[in-house]
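Q: This is coords-v3.cif (mmCIF, C-alpha atoms and all ligand atoms).
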```cif
data_my_file
loop_
_atom_site.label_atom_id
_atom_site.label_comp_id
_atom_site.auth_asym_id
_atom_site.auth_seq_id
_atom_site.Cartn_x
_atom_site.Cartn_y
_atom_site.Cartn_z
CA MET W 1 10.69 0.38 -0.15
CA ALA W 2 10.85 -2.19 -2.86
CA GLU W 3 10.00 -3.39 -6.29
CA ILE W 4 7.78 -6.45 -5.95
CA ALA W 5 8.00 -9.06 -8.70
CA LEU W 6 5.88 -12.17 -9.06
CA LYS W 7 7.54 -14.81 -11.22
CA SER W 8 5.53 -17.70 -12.71
CA LEU W 9 3.34 -17.50 -9.64
CA ALA W 10 0.35 -19.83 -9.23
CA HIS W 11 -1.80 -20.90 -6.33
CA SER W 12 -4.46 -23.50 -5.73
CA TYR W 13 -6.22 -24.19 -2.46
CA LEU W 14 -6.67 -27.81 -3.61
CA ALA W 15 -4.11 -30.51 -2.78
CA THR W 16 -4.07 -31.93 -6.32
CA PRO W 17 -5.26 -29.27 -8.76
CA GLY W 18 -6.00 -30.36 -12.32
CA SER W 19 -7.74 -27.88 -14.60
CA PRO W 20 -7.06 -24.09 -14.69
CA GLU W 21 -10.35 -23.54 -12.80
CA ASP W 22 -8.77 -25.26 -9.77
CA TYR W 23 -6.38 -22.32 -9.39
CA ALA W 24 -7.22 -19.19 -7.39
CA ILE W 25 -4.15 -17.63 -9.07
CA ARG W 26 -3.37 -18.90 -12.56
CA GLU W 27 0.27 -18.74 -13.54
CA MET W 28 1.30 -15.10 -13.76
CA THR W 29 4.39 -12.93 -13.98
CA HIS W 30 3.92 -9.38 -12.83
CA VAL W 31 5.97 -6.46 -11.50
CA TRP W 32 4.94 -3.69 -9.10
CA GLN W 33 7.62 -1.04 -9.43
CA GLN W 34 9.23 0.70 -6.47
CA GLY W 35 7.22 3.71 -5.34
CA GLY W 36 4.18 3.06 -7.54
CA ALA W 37 0.56 3.61 -6.47
CA TYR W 38 -1.26 0.56 -7.77
CA ALA W 39 -4.74 -0.88 -7.57
CA LEU W 40 -5.67 -4.51 -7.90
CA LEU W 41 -9.23 -4.42 -9.21
CA GLY W 42 -11.63 -7.26 -9.81
CA PRO W 43 -14.91 -8.86 -8.78
CA SER W 44 -15.43 -10.95 -5.67
CA GLY W 45 -13.62 -14.28 -5.88
CA CYS W 46 -11.17 -13.36 -8.66
CA GLY W 47 -8.15 -13.92 -6.40
CA LYS W 48 -7.25 -10.44 -5.11
CA SER W 49 -6.90 -11.34 -1.43
CA THR W 50 -5.08 -14.55 -2.31
CA LEU W 51 -2.51 -12.57 -4.28
CA LEU W 52 -2.09 -9.98 -1.53
CA ASN W 53 -1.62 -12.68 1.10
CA ILE W 54 1.04 -14.35 -1.05
CA ILE W 55 2.92 -11.05 -1.35
CA SER W 56 2.75 -10.40 2.39
CA GLY W 57 3.75 -13.97 3.23
CA LEU W 58 0.53 -15.00 4.96
CA LEU W 59 0.08 -17.64 2.26
CA GLU W 60 2.66 -19.82 0.54
CA PRO W 61 2.10 -20.08 -3.24
CA SER W 62 1.75 -23.51 -4.87
CA SER W 63 4.48 -22.56 -7.34
CA GLY W 64 6.54 -19.61 -8.51
CA GLU W 65 8.53 -16.92 -6.76
CA VAL W 66 7.92 -13.62 -4.98
CA LEU W 67 10.89 -11.24 -5.24
CA PHE W 68 11.51 -7.98 -3.37
CA ASP W 69 14.16 -5.91 -5.14
CA GLY W 70 15.33 -9.03 -6.95
CA GLN W 71 15.64 -11.18 -3.81
CA VAL W 72 13.42 -14.26 -3.51
CA VAL W 73 11.38 -13.92 -0.31
CA ASN W 74 9.27 -17.10 -0.48
CA ALA W 75 10.94 -18.51 2.62
CA LEU W 76 10.59 -15.29 4.65
CA SER W 77 7.86 -14.93 7.29
CA PRO W 78 5.46 -11.96 7.07
CA GLU W 79 7.42 -10.09 9.81
CA HIS W 80 10.67 -10.47 7.91
CA ARG W 81 9.15 -9.23 4.66
CA ASN W 82 8.70 -5.81 6.16
CA ILE W 83 5.27 -5.30 4.63
CA ALA W 84 2.48 -3.27 6.21
CA GLN W 85 -1.02 -4.55 5.53
CA VAL W 86 -4.33 -2.78 6.13
CA PHE W 87 -7.37 -5.03 6.15
CA GLN W 88 -11.06 -4.54 5.42
CA PHE W 89 -11.95 -4.39 9.11
CA PRO W 90 -10.07 -2.45 11.79
CA VAL W 91 -7.18 -4.16 13.55
CA VAL W 92 -6.67 -2.05 16.68
CA TYR W 93 -5.93 -2.70 20.34
CA ASP W 94 -9.11 -1.55 22.08
CA THR W 95 -7.50 -0.98 25.49
CA MET W 96 -4.70 1.21 24.11
CA THR W 97 -4.98 4.89 23.27
CA VAL W 98 -4.96 5.99 19.66
CA TYR W 99 -1.43 7.30 20.21
CA ASP W 100 -0.18 3.95 21.48
CA ASN W 101 -1.94 2.09 18.68
CA LEU W 102 -0.16 4.25 16.12
CA ALA W 103 3.13 3.97 17.97
CA PHE W 104 2.91 0.16 18.25
CA PRO W 105 4.43 -0.85 14.87
CA LEU W 106 7.32 1.58 15.46
CA ARG W 107 8.04 0.50 19.04
CA ASN W 108 7.87 -3.09 17.86
CA VAL W 109 10.98 -2.54 15.73
CA GLY W 110 12.81 -0.58 18.43
CA THR W 111 12.31 2.94 17.08
CA SER W 112 13.49 5.74 19.39
CA GLU W 113 10.69 7.54 21.29
CA ASP W 114 11.61 10.85 19.64
CA LYS W 115 11.07 9.36 16.20
CA VAL W 116 7.90 7.55 17.40
CA HIS W 117 6.49 10.86 18.59
CA GLU W 118 7.35 12.66 15.38
CA ARG W 119 5.82 9.97 13.13
CA VAL W 120 2.69 9.44 15.22
CA LEU W 121 1.95 13.17 15.13
CA GLU W 122 2.60 13.35 11.39
CA VAL W 123 0.33 10.40 10.54
CA ALA W 124 -2.37 11.54 13.00
CA ASP W 125 -2.30 14.94 11.34
CA VAL W 126 -2.70 13.54 7.82
CA LEU W 127 -5.56 11.27 8.90
CA GLU W 128 -7.14 13.98 11.06
CA LEU W 129 -6.82 11.88 14.19
CA THR W 130 -4.99 14.45 16.32
CA PRO W 131 -8.01 15.27 18.55
CA GLN W 132 -8.45 11.55 19.30
CA LEU W 133 -4.83 10.73 20.18
CA LYS W 134 -5.46 10.44 23.92
CA ARG W 135 -8.69 8.45 23.62
CA LYS W 136 -8.91 4.70 24.14
CA ALA W 137 -9.53 2.93 20.83
CA LYS W 138 -12.60 1.14 22.22
CA ASN W 139 -14.42 4.49 22.46
CA LEU W 140 -13.99 5.30 18.78
CA SER W 141 -16.55 4.99 15.99
CA ALA W 142 -16.06 2.32 13.28
CA ASP W 143 -14.76 4.99 10.89
CA GLU W 144 -12.25 6.29 13.40
CA LYS W 145 -11.06 2.78 14.25
CA GLN W 146 -10.40 2.07 10.60
CA LYS W 147 -8.49 5.34 10.31
CA VAL W 148 -6.31 4.18 13.22
CA SER W 149 -5.87 0.86 11.44
CA MET W 150 -4.74 2.68 8.32
CA GLY W 151 -2.46 4.89 10.39
CA ARG W 152 -0.77 1.79 11.82
CA GLY W 153 -0.09 0.70 8.25
CA LEU W 154 1.31 4.07 7.28
CA VAL W 155 3.38 4.94 10.32
CA ARG W 156 6.60 3.13 9.38
CA ASP W 157 8.53 4.74 6.56
CA ASP W 158 10.96 1.83 6.20
CA VAL W 159 8.48 -0.79 4.95
CA SER W 160 8.94 -2.49 1.57
CA ALA W 161 5.33 -1.80 0.64
CA ILE W 162 1.90 -1.13 2.06
CA LEU W 163 -0.90 -3.46 0.99
CA PHE W 164 -4.49 -2.31 1.42
CA ASP W 165 -7.23 -4.94 1.23
CA GLU W 166 -10.52 -3.06 0.61
CA PRO W 167 -9.64 -0.66 3.45
CA LEU W 168 -12.62 1.66 3.02
CA THR W 169 -15.40 -0.95 3.21
CA VAL W 170 -16.55 0.10 6.67
CA ILE W 171 -16.06 3.80 6.07
CA ASP W 172 -18.96 6.17 5.64
CA PRO W 173 -19.41 7.15 1.92
CA GLN W 174 -18.79 10.85 2.64
CA LEU W 175 -15.47 10.11 4.28
CA LYS W 176 -14.43 7.50 1.70
CA TRP W 177 -13.68 10.03 -0.97
CA LYS W 178 -11.68 12.16 1.43
CA LEU W 179 -9.62 9.23 2.68
CA ARG W 180 -8.79 8.08 -0.85
CA ARG W 181 -7.42 11.55 -1.55
CA LYS W 182 -5.49 11.38 1.71
CA LEU W 183 -3.93 8.07 0.75
CA LYS W 184 -2.88 9.53 -2.56
CA GLU W 185 -1.37 12.51 -0.75
CA ILE W 186 0.47 10.18 1.64
CA HIS W 187 1.77 8.20 -1.32
CA GLN W 188 3.11 11.33 -2.96
CA ARG W 189 4.69 12.49 0.27
CA PHE W 190 6.33 9.21 1.35
CA ASN W 191 6.97 7.53 -2.03
CA ILE W 192 6.14 4.03 -0.75
CA THR W 193 5.03 1.19 -3.04
CA MET W 194 1.31 0.84 -2.39
CA VAL W 195 -1.04 -1.86 -3.67
CA TYR W 196 -4.70 -1.16 -3.07
CA VAL W 197 -7.19 -3.99 -3.51
CA THR W 198 -10.74 -3.10 -4.44
CA HIS W 199 -13.71 -4.23 -6.50
CA ASP W 200 -14.73 -0.59 -7.07
CA GLN W 201 -13.44 1.01 -10.28
CA LEU W 202 -13.89 4.54 -8.95
CA GLU W 203 -11.86 3.72 -5.87
CA ALA W 204 -9.16 2.16 -8.05
CA SER W 205 -8.88 5.05 -10.45
CA THR W 206 -8.89 7.81 -7.84
CA PHE W 207 -6.07 6.12 -5.94
CA ALA W 208 -3.88 4.41 -8.50
CA ASP W 209 -1.60 5.52 -11.31
CA LYS W 210 -1.85 2.01 -12.75
CA ILE W 211 -4.49 -0.64 -12.25
CA ALA W 212 -4.14 -4.41 -12.56
CA VAL W 213 -7.54 -5.85 -13.50
CA MET W 214 -7.98 -9.41 -12.25
CA TYR W 215 -10.42 -11.92 -13.62
CA GLU W 216 -10.55 -15.62 -12.79
CA GLY W 217 -7.13 -15.65 -11.17
CA GLN W 218 -5.35 -13.77 -13.96
CA VAL W 219 -4.24 -10.17 -14.43
CA VAL W 220 -5.99 -9.54 -17.76
CA GLN W 221 -4.75 -5.95 -18.10
CA PHE W 222 -2.27 -3.70 -16.32
CA GLY W 223 -2.67 -0.09 -17.38
CA THR W 224 -3.60 3.48 -16.55
CA PRO W 225 -7.30 4.23 -15.93
CA ARG W 226 -7.37 5.85 -19.36
CA GLU W 227 -5.86 2.81 -21.11
CA LEU W 228 -8.41 0.54 -19.44
CA PHE W 229 -11.19 2.78 -20.66
CA GLU W 230 -9.96 3.43 -24.19
CA ARG W 231 -8.30 0.15 -25.07
CA PRO W 232 -9.58 -2.70 -22.90
CA ALA W 233 -7.30 -5.66 -23.51
CA HIS W 234 -9.98 -8.21 -22.55
CA THR W 235 -13.78 -8.23 -22.84
CA PHE W 236 -13.99 -8.46 -19.06
CA VAL W 237 -12.14 -5.12 -18.71
CA GLY W 238 -14.51 -3.57 -21.27
CA TYR W 239 -17.51 -4.81 -19.36
CA PHE W 240 -16.19 -4.11 -15.84
CA ILE W 241 -14.76 -0.61 -16.42
CA GLY W 242 -17.14 2.18 -17.40
CA SER W 243 -20.71 2.87 -16.46
CA PRO W 244 -22.42 1.29 -18.25
CA GLY W 245 -19.71 -1.05 -19.52
CA MET W 246 -18.65 -1.63 -23.11
CA ASN W 247 -21.13 -3.00 -25.66
CA LEU W 248 -19.88 -6.38 -26.81
CA PHE W 249 -21.55 -8.47 -29.47
CA ASP W 250 -20.75 -11.51 -31.63
CA VAL W 251 -19.88 -10.88 -35.26
CA ARG W 252 -18.75 -12.89 -38.25
CA ALA W 253 -17.57 -12.20 -41.80
CA ARG W 254 -20.11 -13.03 -44.55
CA ASP W 255 -19.76 -12.26 -48.26
CA GLY W 256 -17.40 -9.35 -47.73
CA GLU W 257 -19.42 -7.82 -44.90
CA ILE W 258 -19.33 -7.93 -41.12
CA VAL W 259 -22.63 -9.18 -39.72
CA ALA W 260 -24.06 -9.26 -36.21
CA GLY W 261 -27.08 -11.59 -36.11
CA ASP W 262 -28.60 -10.77 -39.50
CA THR W 263 -27.58 -7.12 -39.56
CA ILE W 264 -24.73 -5.81 -41.68
CA ILE W 265 -22.39 -3.58 -39.65
CA PRO W 266 -20.76 -1.09 -42.02
CA LEU W 267 -17.11 -0.79 -40.98
CA GLY W 268 -13.77 -0.27 -42.72
CA ARG W 269 -11.79 -2.85 -44.68
CA GLY W 270 -9.18 -3.24 -41.92
CA ILE W 271 -11.79 -4.43 -39.42
CA TYR W 272 -13.42 -6.74 -41.96
CA ASP W 273 -10.06 -8.35 -42.77
CA ALA W 274 -9.31 -8.88 -39.08
CA VAL W 275 -12.75 -10.46 -38.49
CA ALA W 276 -12.39 -12.66 -41.61
CA LYS W 277 -9.00 -14.02 -40.59
CA ALA W 278 -9.80 -14.55 -36.89
CA SER W 279 -8.53 -17.90 -35.68
CA SER W 280 -11.70 -18.72 -33.70
CA ASN W 281 -15.48 -18.52 -33.97
CA ASN W 282 -15.56 -16.49 -30.77
CA VAL W 283 -15.25 -13.03 -32.36
CA LYS W 284 -16.77 -9.94 -30.77
CA LEU W 285 -16.83 -6.25 -31.49
CA GLY W 286 -16.64 -3.90 -28.54
CA VAL W 287 -17.70 -0.26 -28.49
CA ARG W 288 -18.21 1.95 -25.48
CA PRO W 289 -21.64 3.63 -25.04
CA GLU W 290 -19.81 6.98 -25.17
CA PHE W 291 -18.57 6.27 -28.70
CA VAL W 292 -21.81 5.05 -30.30
CA GLU W 293 -22.91 7.81 -32.69
CA VAL W 294 -26.68 8.34 -32.38
CA HIS W 295 -28.79 10.10 -35.05
CA VAL W 296 -32.52 10.75 -35.01
CA ALA W 297 -32.80 10.56 -38.85
CA PRO W 298 -31.25 8.17 -41.40
CA VAL W 299 -27.55 8.86 -42.15
CA GLU W 300 -25.09 7.22 -44.51
CA GLY W 301 -23.81 4.01 -42.94
CA GLY W 302 -26.36 4.33 -40.10
CA ILE W 303 -27.92 1.16 -38.69
CA GLU W 304 -31.54 1.39 -37.63
CA VAL W 305 -32.18 0.37 -34.04
CA THR W 306 -35.18 0.47 -31.74
CA VAL W 307 -35.09 2.66 -28.64
CA ASP W 308 -36.33 0.74 -25.58
CA ASP W 309 -35.58 3.22 -22.85
CA ILE W 310 -34.00 6.59 -22.14
CA GLN W 311 -32.50 7.26 -18.76
CA ASP W 312 -32.05 10.99 -18.18
CA LEU W 313 -29.07 11.54 -15.89
CA GLY W 314 -28.94 15.32 -16.02
CA THR W 315 -25.97 16.29 -18.17
CA TYR W 316 -26.31 13.13 -20.29
CA SER W 317 -28.75 10.32 -21.07
CA ILE W 318 -28.22 6.58 -21.44
CA LEU W 319 -30.22 5.02 -24.25
CA SER W 320 -31.13 1.32 -24.21
CA LEU W 321 -31.26 0.18 -27.82
CA HIS W 322 -32.00 -2.99 -29.74
CA LEU W 323 -30.24 -3.99 -32.95
CA GLY W 324 -32.11 -7.18 -33.92
CA ASP W 325 -31.62 -9.39 -30.85
CA ILE W 326 -28.63 -7.44 -29.61
CA ALA W 327 -29.08 -5.05 -26.68
CA LEU W 328 -26.86 -1.96 -26.78
CA LYS W 329 -26.32 1.13 -24.67
CA ALA W 330 -25.45 4.58 -25.98
CA ARG W 331 -24.64 7.74 -24.09
CA ILE W 332 -25.72 11.10 -25.48
CA ASP W 333 -25.11 14.61 -24.13
CA GLU W 334 -28.04 16.65 -22.82
CA ASP W 335 -27.93 19.00 -25.81
CA SER W 336 -28.01 16.19 -28.44
CA PRO W 337 -31.38 15.53 -30.13
CA THR W 338 -33.17 12.72 -28.32
CA PRO W 339 -34.55 9.91 -30.48
CA HIS W 340 -37.95 8.37 -29.76
CA ASN W 341 -39.04 4.98 -31.07
CA ASN W 342 -36.07 4.40 -33.32
CA ALA W 343 -32.61 5.78 -34.02
CA PHE W 344 -29.75 5.38 -36.49
CA ILE W 345 -26.37 4.50 -35.08
CA ARG W 346 -22.82 4.36 -36.39
CA PHE W 347 -19.68 2.90 -34.87
CA PRO W 348 -16.56 4.99 -35.60
CA ASP W 349 -13.84 2.62 -36.88
CA ASP W 350 -11.20 4.02 -34.55
CA ARG W 351 -13.39 3.45 -31.47
CA ILE W 352 -14.14 -0.19 -32.22
CA GLY W 353 -12.27 -3.01 -30.46
CA LEU W 354 -12.03 -6.49 -31.90
CA TYR W 355 -11.95 -9.40 -29.45
CA VAL W 356 -11.01 -12.94 -30.44
CA ASP W 357 -11.45 -15.52 -27.69
CA GLU W 358 -12.12 -12.54 -25.39
CA PHE W 359 -8.69 -10.88 -25.94
CA ARG W 360 -8.21 -7.70 -27.97
CA VAL W 361 -6.69 -8.04 -31.42
CA GLU W 362 -4.98 -5.09 -33.06
CA ILE W 363 -6.64 -3.82 -36.23
CA ASP W 364 -4.68 -2.48 -39.16
CA HIS W 365 -6.85 0.52 -40.18
CA GLU W 366 -6.21 1.30 -43.84
N1 LIG E 401 -8.87 -20.47 2.44
C1 LIG E 401 -9.43 -20.83 1.29
N2 LIG E 401 -9.68 -22.13 1.02
C2 LIG E 401 -10.24 -22.52 -0.15
N3 LIG E 401 -10.57 -21.68 -1.14
C3 LIG E 401 -10.35 -20.37 -0.94
C4 LIG E 401 -9.78 -19.88 0.28
N4 LIG E 401 -9.68 -18.53 0.19
C5 LIG E 401 -10.17 -18.19 -1.04
N5 LIG E 401 -10.57 -19.29 -1.71
C6 LIG E 401 -11.13 -19.33 -3.08
O1 LIG E 401 -10.15 -18.77 -3.96
C7 LIG E 401 -10.77 -17.92 -4.92
C8 LIG E 401 -10.19 -16.52 -4.81
O2 LIG E 401 -10.59 -15.96 -3.56
P1 LIG E 401 -10.08 -14.54 -3.02
O3 LIG E 401 -10.61 -14.36 -1.63
O4 LIG E 401 -8.61 -14.43 -3.22
O5 LIG E 401 -10.82 -13.57 -4.03
P2 LIG E 401 -11.10 -12.01 -3.86
O6 LIG E 401 -10.98 -11.47 -5.23
O7 LIG E 401 -10.22 -11.44 -2.83
O8 LIG E 401 -12.60 -12.00 -3.40
P3 LIG E 401 -13.29 -11.09 -2.27
O9 LIG E 401 -13.29 -9.70 -2.82
O10 LIG E 401 -14.67 -11.68 -2.18
O11 LIG E 401 -12.48 -11.27 -1.02
C9 LIG E 401 -12.26 -18.00 -4.67
O12 LIG E 401 -12.80 -18.98 -5.53
C10 LIG E 401 -12.36 -18.44 -3.23
O13 LIG E 401 -13.53 -19.19 -3.00
#
```
How would this structure read if it were set down as structure tokens?
A:
Amino acid sequence: MAEIALKSLAHSYLATPGSPEDYAIREMTHVWQQGGAYALLGPSGCGKSTLLNIISGLLEPSSGEVLFDGQVVNALSPEHRNIAQVFQFPVVYDTMTVYDNLAFPLRNVGTSEDKVHERVLEVADVLELTPQLKRKAKNLSADEKQKVSMGRGLVRDDVSAILFDEPLTVIDPQLKWKLRRKLKEIHQRFNITMVYVTHDQLEASTFADKIAVMYEGQVVQFGTPRELFERPAHTFVGYFIGSPGMNLFDVRARDGEIVAGDTIIPLGRGIYDAVAKASSNNVKLGVRPEFVEVHVAPVEGGIEVTVDDIQDLGTYSILSLHLGDIALKARIDEDSPTPHNNAFIRFPDDRIGLYVDEFRVEIDHE
């Protein structure tokens, strides 16, 4: 088991990279602590698999260092890094039984048969594979094969870390939820550093204590699911986390007021000052649909908006609103009054995020 540190790491698949866009991993320094359950979350193409393959040693980074417990491992082969990796699609030996598939990684490192037996039974039990132990892997369903594949990753308790690359892609939705809980249980039981790659926020937050959100080859935020929701450090995190994502719109300071398009947004002095002194023209306010206050009648400080659509989702509704040219979403509980053609909204100061050049800027609320 190990702490995994990435020091000034960068990677480009091009021979002579020039601009930042040429890098699949832009220079980053990041630490995965020993024993943590982490997710690496981001959209397709943001660099998740590249990063995982650099950690496991399948790929050599263009620059920077990978350290396990403080030791540089760049020169070590994947076998010598002692990392278990579970891929998107099952990696099993079809002609072997499930038992022998699970035993393989242990026998490979010369584990005694007593210990092999004990671990295989333990892992089979957790993954509910005991009834299949004697079956040949080729006779299993896709779900079962992937469970065997995961079991092969979990069977050794002496690995530095286990890396999961979208391991539940081929798994039936019903079983997905159950397996995520299982993985969490296994993590708690064995205390192994686990990094779980996914593009699915639900998958990330049910598995991980802390999530690294990746965007264009960078980790733009590393935090708990709650931190990502309440204080997104980057507009991408605001947009990507939450359903629907955060409302983000351009604002500027004009004659002592904050304006969005031509509409004055009534907010506190602290936010105005921060907008007025922003070092760029790229200034956005961010507010989650959950925190938009919706009124059916005029209220002090309320901004009139048009209501385009109401999506009734049972215990809550999502409103699609228009403030001038700006499209917004708001979430209201089932027992709140539902507006019709128009509504009056307010943004609570303490729920507003200010983003300059896409990164969050702290506001001094007075
Ligand atoms: N072998 C390769 N050669 C050249 N470019 C590559 C190679 N592998 C990945 N890339 C590029 O590097 C970037 C990051 O890809 P990567 O596969 O790491 O992203 P990802 O977040 O894992 O995406 P996905 O979820 O689709 O696998 C992408 O622009 C991709 O096209």
Q: List every protein, DNA or RNA residue that has an atom no more than 12 Å from (-1.0, -15.3, 0.3) in the file's coordinate frame, counting all atoms listed in the file, and report them as number ranges by chain.
A: W: 9-13, 24-25, 47-63, 65-66, 74, 77-78, 85, 163
Q: So what do you get for CA of Val259 in chain W versus CA of Tyr272 in chain W, distance-wise?
A: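 One can read the CA of Val259 in chain W to CA of Tyr272 in chain W distance as 9.8 Å.
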Q: Rank nothing, just name the residue among W:Leu41, W:Leu328, W:Val275, W:Val120 nearest to ligand LIG 401 (chain E), using all atoms listed in the file.
A: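 Among the listed residues, the smallest separation from ligand LIG 401 (chain E) belongs to W:Leu41.
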Q: So which one's closest to ligand LIG 401 (chain E), W:Glu216, W:Glu144, W:Asp309, W:Glu203? Using all atoms listed in the file, please.
A: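 Of the candidates, the smallest distance to ligand LIG 401 (chain E) is held by W:Glu216.
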Q: Which residue out of W:Gln71, W:Gln218, W:Gln188, W:Thr97 has the minimum interatomic distance to ligand LIG 401 (chain E) when all atoms listed in the file are used?
A: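 Selected residue with least distance to ligand LIG 401 (chain E): W:Gln218.
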Q: Which one is closest to ligand LIG 401 (chain E): W:Ala5, W:Val170, W:Val72, W:Met214? Count all atoms listed in the file.
A: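 Closest to ligand LIG 401 (chain E), using all atoms listed in the file: W:Met214.
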Q: Between W:Arg135, W:Arg180, W:His295, W:Arg81, which has the minimum distance to Pro337 in chain W (counting only C-alpha atoms)?
A: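 Smallest distance to Pro337 in chain W is found for W:His295.
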Q: Give me, as a list in words, all polymer residues having an atom no more than 7 Å from Thr224 in chain W, counting all atoms listed in the file and skipping those fewer than 6 positions away in the same chain.
A: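 Returned residues: Asp209, Lys210 and Ile211 of chain W.
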Q: CA of Ser160 in chain W and CA of Ile83 in chain W, how far apart in Å?
A: 5.5 Å
Q: I'd like the neighbourhood of Ser243 in chain W as a ChimeraX atom specification, where a residue qualifies if any of its atoms comes within 12 Å (using all atoms listed in the file), though same-chain residues fewer than 2 positions away should be ignored.
A: /W:200-202,229,237-241,245-247,288-290,317-318,329-331
